[in-house]
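To start, the structure under review is shown below, and the notes come after it.
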Amino acid sequence: MHPILGNSLLVTRRHFFGRAATGLGVAALASLLGQEQAGAEEAAVGGLPGLPHFAAKAKRVIYLFQSGAPSQMDLFDYKPMLAERRGQELPDSVRRGQRLTGMTATQSSFPIAPTKYKFAQHGETGAWLSELLPHTARIADRLCFVKSMHTEAINHDPAVTFFQTGAQLAGRPSMGAWLSYGLGTENRDLPAFVAMVSQGSGNPNGQPLYDRLWGSGFLPTKYQGVKFRSAGEPVLYLSNPAGVSADGRRRMLDDLARLNQLKLAELGDPEISTRIAQYELAYRMQTSVPELTDVSNEPAHVFELYGPDAAKPGTYAANCLLARRLVERGVRFVQLFHRGWDQHTSLPKQITGQARDTDQASAALVADLEQRGLLDETLVVWGGEFGRTVYCQGRLTADDYGRDHHPRCFTIWLAGAGIKPGVSHGETDDYCYNVVRDPVHVHDLHATLLYCLGIDHTRLTFKSQGRYYRLTDVHGNVVKEILA
């Protein structure tokens with residue numbers, strides 16, 4: 001078969017009806033050419049017909065991903081009995097022959113390493129929190145702690161990929177891409193999905209992160225996240241080159257759109273529609289992004305709330321402030337990654353820096369959203385890809401210890417739209433090694449987040465390579481106990 005004719009026959013049913021409904025992408029072209037505003041708004045909103053499936057509590061999400069895996073027993077999951085068992089061997093009856101990483105599998109001893117940090121109860125609900133998190137402690141009554149998270153992944157890359165995409169192997173759409181595809185955007189001048197990365201001060205050599213973590217997988221590429229950089233221009237190649245005026249850029253894009261429309265009519269390739277829409281979005285972002293990232297108009301008390309790092313571009317605190325500004329402008333999904341939580345050795349030194357990076361800004365974000373009336377429609381999630389072991393990796397001393405990866409149990413917290421505040425869900429054993437009550441799997445978390453957004457996770461699907469895929473694959477149950 002002729003390659004061009006064959007390509008034309010590959011247009012899917014969804015793309016066929018999408019083209020028919022828009023007259024071969026006329027709405028996208030109208031947006032690009034700056035024609036009728038109503039048509040442009042309709043094209044920019046996007047989303048699937050019939051979504052949300054039911055009334056949504058949340059309109060948008062801020063995911064504060066702590067890359068490297070924070071130690072749950074040094075931050076959230078208080079186990080006072082461990083102090084009496086310091087240095088004792090972890091009983092085989094607790095470990096149950098479970099898989100270990102290659103970093104500790106050959107250890108001859110697995111000595112129990114209790115936390116060196118003091119814990120206290122906070123708020124009316126009496127939530128236990130480490131002294132490392134004084135700011136988080138002040139908002140404890142607004143948070144829902146899930147202490148029974150678990151996963152199958154035991155190494156960083158598959159575990160991070162699992163949380164972002166619902167699969168351990170690369171190639172699936174990220175959660176933000178699924179939401180962009182299903183719900184569209186509320187702001188035609190900004191991406192529906194933005195990602196930002198910051199480096200922790202506790203462990204400057206943290207695990208690497210890859211752009212595919214905010215990618216669109218097999219979804220059309222227009223649904224992938226846009227990464228905001230920590231230095232220089234927030235988005236690469238957004239500014240016009242030297243000698244190119246705004247009018248000149250507009251004329252060039254108009255001509256390019258007409259050429260792309262001819263090719264779209266010939267081949268029916270949905271990626272051409274994506275290219276048209278993304279060129280126009282980039283043009284609008286030349287105005288919207290500089291306004292968004294210019295925080296000079298924020299009052300002094302806001303910087304005091306988020307902490308001294310909030311005025312330093314690229315820091316976690318600065319990214320938290322930008323996250324608030326993004327959801328204020330209707331961005332659907334904001335993904336923050338903070339590296340440096342991988343504390344195999346020197347945990348007391350490293351975790352102190354990580355907590356200092358994140359504690360005040362995370363709490364400030366929740367409080368700021370609440371003050372502005374945005375927390376009622378914004379879902380905030382804080383957590384890493386797995387937990388840390390109760391036994392020490394390497395040598396246990398009076399002042400130092402490290403912890404290996406532990407997928408069997410760990411803690412995350414949620415706040416905001418659709419989530420019951422002041423709740424501690426799930427429980428681990430006395431060694432913080434196994435879940436003993438109300439386990440929550442990664443798929444369950446995804447199903448619950450989608451539910452808060454008005455989405456039945458079994459019905460948000462996309463056909464690729466002959467089968468229908470979804471964020472939760474063929475798993476996942478909504479954790480109704482934590483829903484408001």
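Scheme for the structure tokens: letters A, B, ... for chains in order shown; per-chain residue numbers from 1; ligand numbers from 1 in order shown.
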
Problem - Spatial neighbours of A:Ala484, 7 Å, only C-alpha atoms, chain gap at least 2 places, as a count of residues only - result: 4

Practice task
Choose the residue, out of A:Ser239, A:Asp92, A:Lys59, A:Leu183, that has the smallest atom-to-atom separation from A:Val380; count only C-alpha atoms.
Solution key: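 Among the listed residues, A:Lys59 lies closest to A:Val380.
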
Practice task
Quick one: everything within 9 Å of stretch 448-459 of chain A, counting only C-alpha atoms, minus sequence neighbours fewer than 4 positions away in the same chain. Send it as a VMD selection string.
Solution key: chain A and resid 51 to 61 179 182 to 183 379 417 to 419 443 to 444 470 to 480 482 to 483

Where does stretch 389-425 of chain A meet stretch 123-135 of chain A within 8 Å, residue by residue, with the nearest atom pair and distance in Å to one decimal for each, counting only C-alpha atoms, listed by chain and rising number, as a Markdown table?
| residue | atom | partner | partner_atom | distance |
| --- | --- | --- | --- | --- |
| A:Gly422 | CA | A:Thr125 | CA | 5.9 |
| A:Val423 | CA | A:Thr125 | CA | 7.6 |
| A:Ser424 | CA | A:Ala127 | CA | 7.5 |

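Between atom CA of A:Asp342 and atom CA of A:Gln66 lies a distance of 9.7 Å.
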
Practice task
From a DSSP pass on the backbone, collect the residues of stretch 191-383 of chain A flagged as strand (DSSP E or B) and hand them back as a list in words.
Solution key: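 Here is the list: Phe193, Val194, Ala195, Met196, Val197, Ser198, Gln199, Val226, Lys227, Phe228, Phe333, Val334, Gln335, Leu336, Phe337, His338, Arg339, Thr378, Leu379, Val380, Val381, Trp382 and Gly383 of chain A.
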
Using C-alpha atoms, can you export the residues from the last selection as a PDB file, in the first residue's frame?
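Just written: result-v8.pdb:
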ATOM      1  CA  PHE A 193       0.026  20.587  33.247  1.00  0.00           C
ATOM      2  CA  VAL A 194       3.240  22.132  34.632  1.00  0.00           C
ATOM      3  CA  ALA A 195       6.224  20.391  36.236  1.00  0.00           C
ATOM      4  CA  MET A 196       9.005  21.932  38.335  1.00  0.00           C
ATOM      5  CA  VAL A 197      12.114  20.326  39.872  1.00  0.00           C
ATOM      6  CA  SER A 198      14.179  21.507  42.841  1.00  0.00           C
ATOM      7  CA  GLN A 199      17.343  20.097  44.370  1.00  0.00           C
ATOM      8  CA  VAL A 226       5.557  21.714  30.400  1.00  0.00           C
ATOM      9  CA  LYS A 227       8.667  21.939  32.558  1.00  0.00           C
ATOM     10  CA  PHE A 228       9.428  25.297  34.132  1.00  0.00           C
ATOM     11  CA  PHE A 333      -2.134  19.848  37.478  1.00  0.00           C
ATOM     12  CA  VAL A 334       1.060  21.195  39.046  1.00  0.00           C
ATOM     13  CA  GLN A 335       3.776  18.636  39.726  1.00  0.00           C
ATOM     14  CA  LEU A 336       6.667  19.585  42.000  1.00  0.00           C
ATOM     15  CA  PHE A 337       9.628  17.241  42.412  1.00  0.00           C
ATOM     16  CA  HIS A 338      12.088  17.826  45.264  1.00  0.00           C
ATOM     17  CA  ARG A 339      15.191  15.673  45.034  1.00  0.00           C
ATOM     18  CA  THR A 378      -7.508  22.267  45.090  1.00  0.00           C
ATOM     19  CA  LEU A 379      -6.139  18.880  46.149  1.00  0.00           C
ATOM     20  CA  VAL A 380      -2.616  18.882  47.627  1.00  0.00           C
ATOM     21  CA  VAL A 381      -0.575  15.667  47.913  1.00  0.00           C
ATOM     22  CA  TRP A 382       2.808  15.235  49.689  1.00  0.00           C
ATOM     23  CA  GLY A 383       4.862  12.047  49.517  1.00  0.00           C
TER      24      GLY A 383
END

Exercise for the section: Find the spatial neighbours of A:Met81, counting only C-alpha atoms, within a cut-off of 9 Å - ignore same-chain residues fewer than 5 positions away - and output them as a PyMOL selection string. Expected result: chain A and resi 114+430-431

Output of the above residues as a PDB file, in the first residue's frame, restricted to N, CA and C atoms:
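Output file result-v1.pdb follows:
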ATOM      1  N   PRO A 114      16.183   3.088  65.799  1.00  0.00           N
ATOM      2  CA  PRO A 114      15.068   3.989  66.119  1.00  0.00           C
ATOM      3  C   PRO A 114      15.413   5.416  65.719  1.00  0.00           C
ATOM      4  N   ASP A 430       4.631  -2.624  65.009  1.00  0.00           N
ATOM      5  CA  ASP A 430       5.492  -1.926  65.969  1.00  0.00           C
ATOM      6  C   ASP A 430       6.875  -1.613  65.407  1.00  0.00           C
ATOM      7  N   TYR A 431       7.261  -2.301  64.330  1.00  0.00           N
ATOM      8  CA  TYR A 431       8.561  -2.088  63.720  1.00  0.00           C
ATOM      9  C   TYR A 431       8.483  -1.176  62.497  1.00  0.00           C
TER      10      TYR A 431
END

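With only C-alpha atoms as the basis for measurement, A:Ile276 is the residue among A:Leu460, A:Ala242, A:Ala69, A:Ile276 that approaches A:Arg258 most closely.
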
A:Ala192 environment, 7 Å, only C-alpha atoms, sequence neighbours closer than 3 positions dropped, as an mmCIF file with N, CA and C atoms, in the first residue's frame:
data_model
loop_
_atom_site.group_PDB
_atom_site.id
_atom_site.type_symbol
_atom_site.label_atom_id
_atom_site.label_comp_id
_atom_site.auth_asym_id
_atom_site.auth_seq_id
_atom_site.Cartn_x
_atom_site.Cartn_y
_atom_site.Cartn_z
ATOM 1 N N SER A 180 -5.171 16.266 31.943
ATOM 2 C CA SER A 180 -5.239 17.228 30.840
ATOM 3 C C SER A 180 -6.096 16.679 29.703
ATOM 4 N N GLY A 184 -9.243 18.723 30.398
ATOM 5 C CA GLY A 184 -8.853 19.947 29.707
ATOM 6 C C GLY A 184 -8.272 20.963 30.668
ATOM 7 N N THR A 185 -8.316 22.223 30.282
ATOM 8 C CA THR A 185 -7.717 23.290 31.070
ATOM 9 C C THR A 185 -8.729 24.399 31.315
ATOM 10 N N VAL A 331 -4.509 26.444 36.217
ATOM 11 C CA VAL A 331 -3.737 25.307 35.724
ATOM 12 C C VAL A 331 -4.229 24.044 36.425
ATOM 13 N N ARG A 332 -4.459 23.005 35.651
ATOM 14 C CA ARG A 332 -5.132 21.810 36.156
ATOM 15 C C ARG A 332 -4.251 20.981 37.094
ATOM 16 N N PHE A 333 -3.006 20.754 36.725
ATOM 17 C CA PHE A 333 -2.134 19.848 37.478
ATOM 18 C C PHE A 333 -0.744 20.456 37.575
#

Practice task
Would you please work out which residue, of A:Gln371, A:Thr389, A:Gln72, A:Ser201, is nearest to A:Ile154 when using only C-alpha atoms?
Solution key: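 Selected residue with least distance to A:Ile154: A:Thr389.
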
Practice task
Might you pull out every residue within 8 Å of A:Gly402, with only C-alpha atoms counted and same-chain residues fewer than 5 positions away left off, and present them as a list in words?
Solution key: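 In the requested format, the answer is Gln343, His344, Thr345, Ser346, Leu347, Cys392, Gln393, Gly394 and Leu396 of chain A.
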
Exercise for the section: Mind the document's chain letters and residue numbers, and return as a ChimeraX atom specification the residues of stretch 140-252 of chain A that DSSP labels alpha helix (DSSP H). Expected result: /A:156-165,175-183,246-252

Next, the residues of the selection above should be written as a short mmCIF file (atom, residue, chain, number, x, y, z; two decimals), in the first residue's frame with C-alpha atoms.
data_model
loop_
_atom_site.label_atom_id
_atom_site.label_comp_id
_atom_site.auth_asym_id
_atom_site.auth_seq_id
_atom_site.Cartn_x
_atom_site.Cartn_y
_atom_site.Cartn_z
CA HIS A 156 13.80 4.45 42.58
CA ASP A 157 13.13 4.71 38.87
CA PRO A 158 10.37 2.10 38.61
CA ALA A 159 8.89 3.33 41.90
CA VAL A 160 8.79 6.99 40.84
CA THR A 161 7.48 5.97 37.41
CA PHE A 162 4.77 3.89 39.13
CA PHE A 163 3.54 6.87 41.15
CA GLN A 164 3.54 9.17 38.14
CA THR A 165 2.05 6.84 35.53
CA MET A 175 -1.23 11.48 35.84
CA GLY A 176 -1.12 15.12 34.81
CA ALA A 177 -1.39 14.09 31.16
CA TRP A 178 -4.42 11.91 31.95
CA LEU A 179 -6.13 14.85 33.65
CA SER A 180 -5.24 17.23 30.84
CA TYR A 181 -6.70 14.73 28.37
CA GLY A 182 -9.83 14.05 30.39
CA LEU A 183 -10.66 17.43 31.91
CA ALA A 246 5.95 40.20 17.92
CA ASP A 247 4.13 41.17 14.71
CA GLY A 248 6.61 39.21 12.65
CA ARG A 249 6.19 36.18 14.86
CA ARG A 250 2.40 36.44 14.56
CA ARG A 251 2.52 36.55 10.75
CA MET A 252 4.92 33.61 10.64
#

Exercise for the section: Could you please determine the separation between atom CA of A:Tyr469 and atom CA of A:Lys222 in Å, to one decimal place? Expected result: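 We find that atom CA of A:Tyr469 and atom CA of A:Lys222 lie 18.1 Å from each other.
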
Exercise for the section: Would you list the contacts of stretch 186-190 of chain A as a ChimeraX atom specification, taking every protein, DNA or RNA residue within 6 Å and counting only C-alpha atoms, but skipping same-chain residues closer than 2 positions in sequence? Expected result: /A:44-45,284-285,330

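Between atom CA of A:Ser296 and atom CA of A:Leu374 lies a distance of 21.4 Å.
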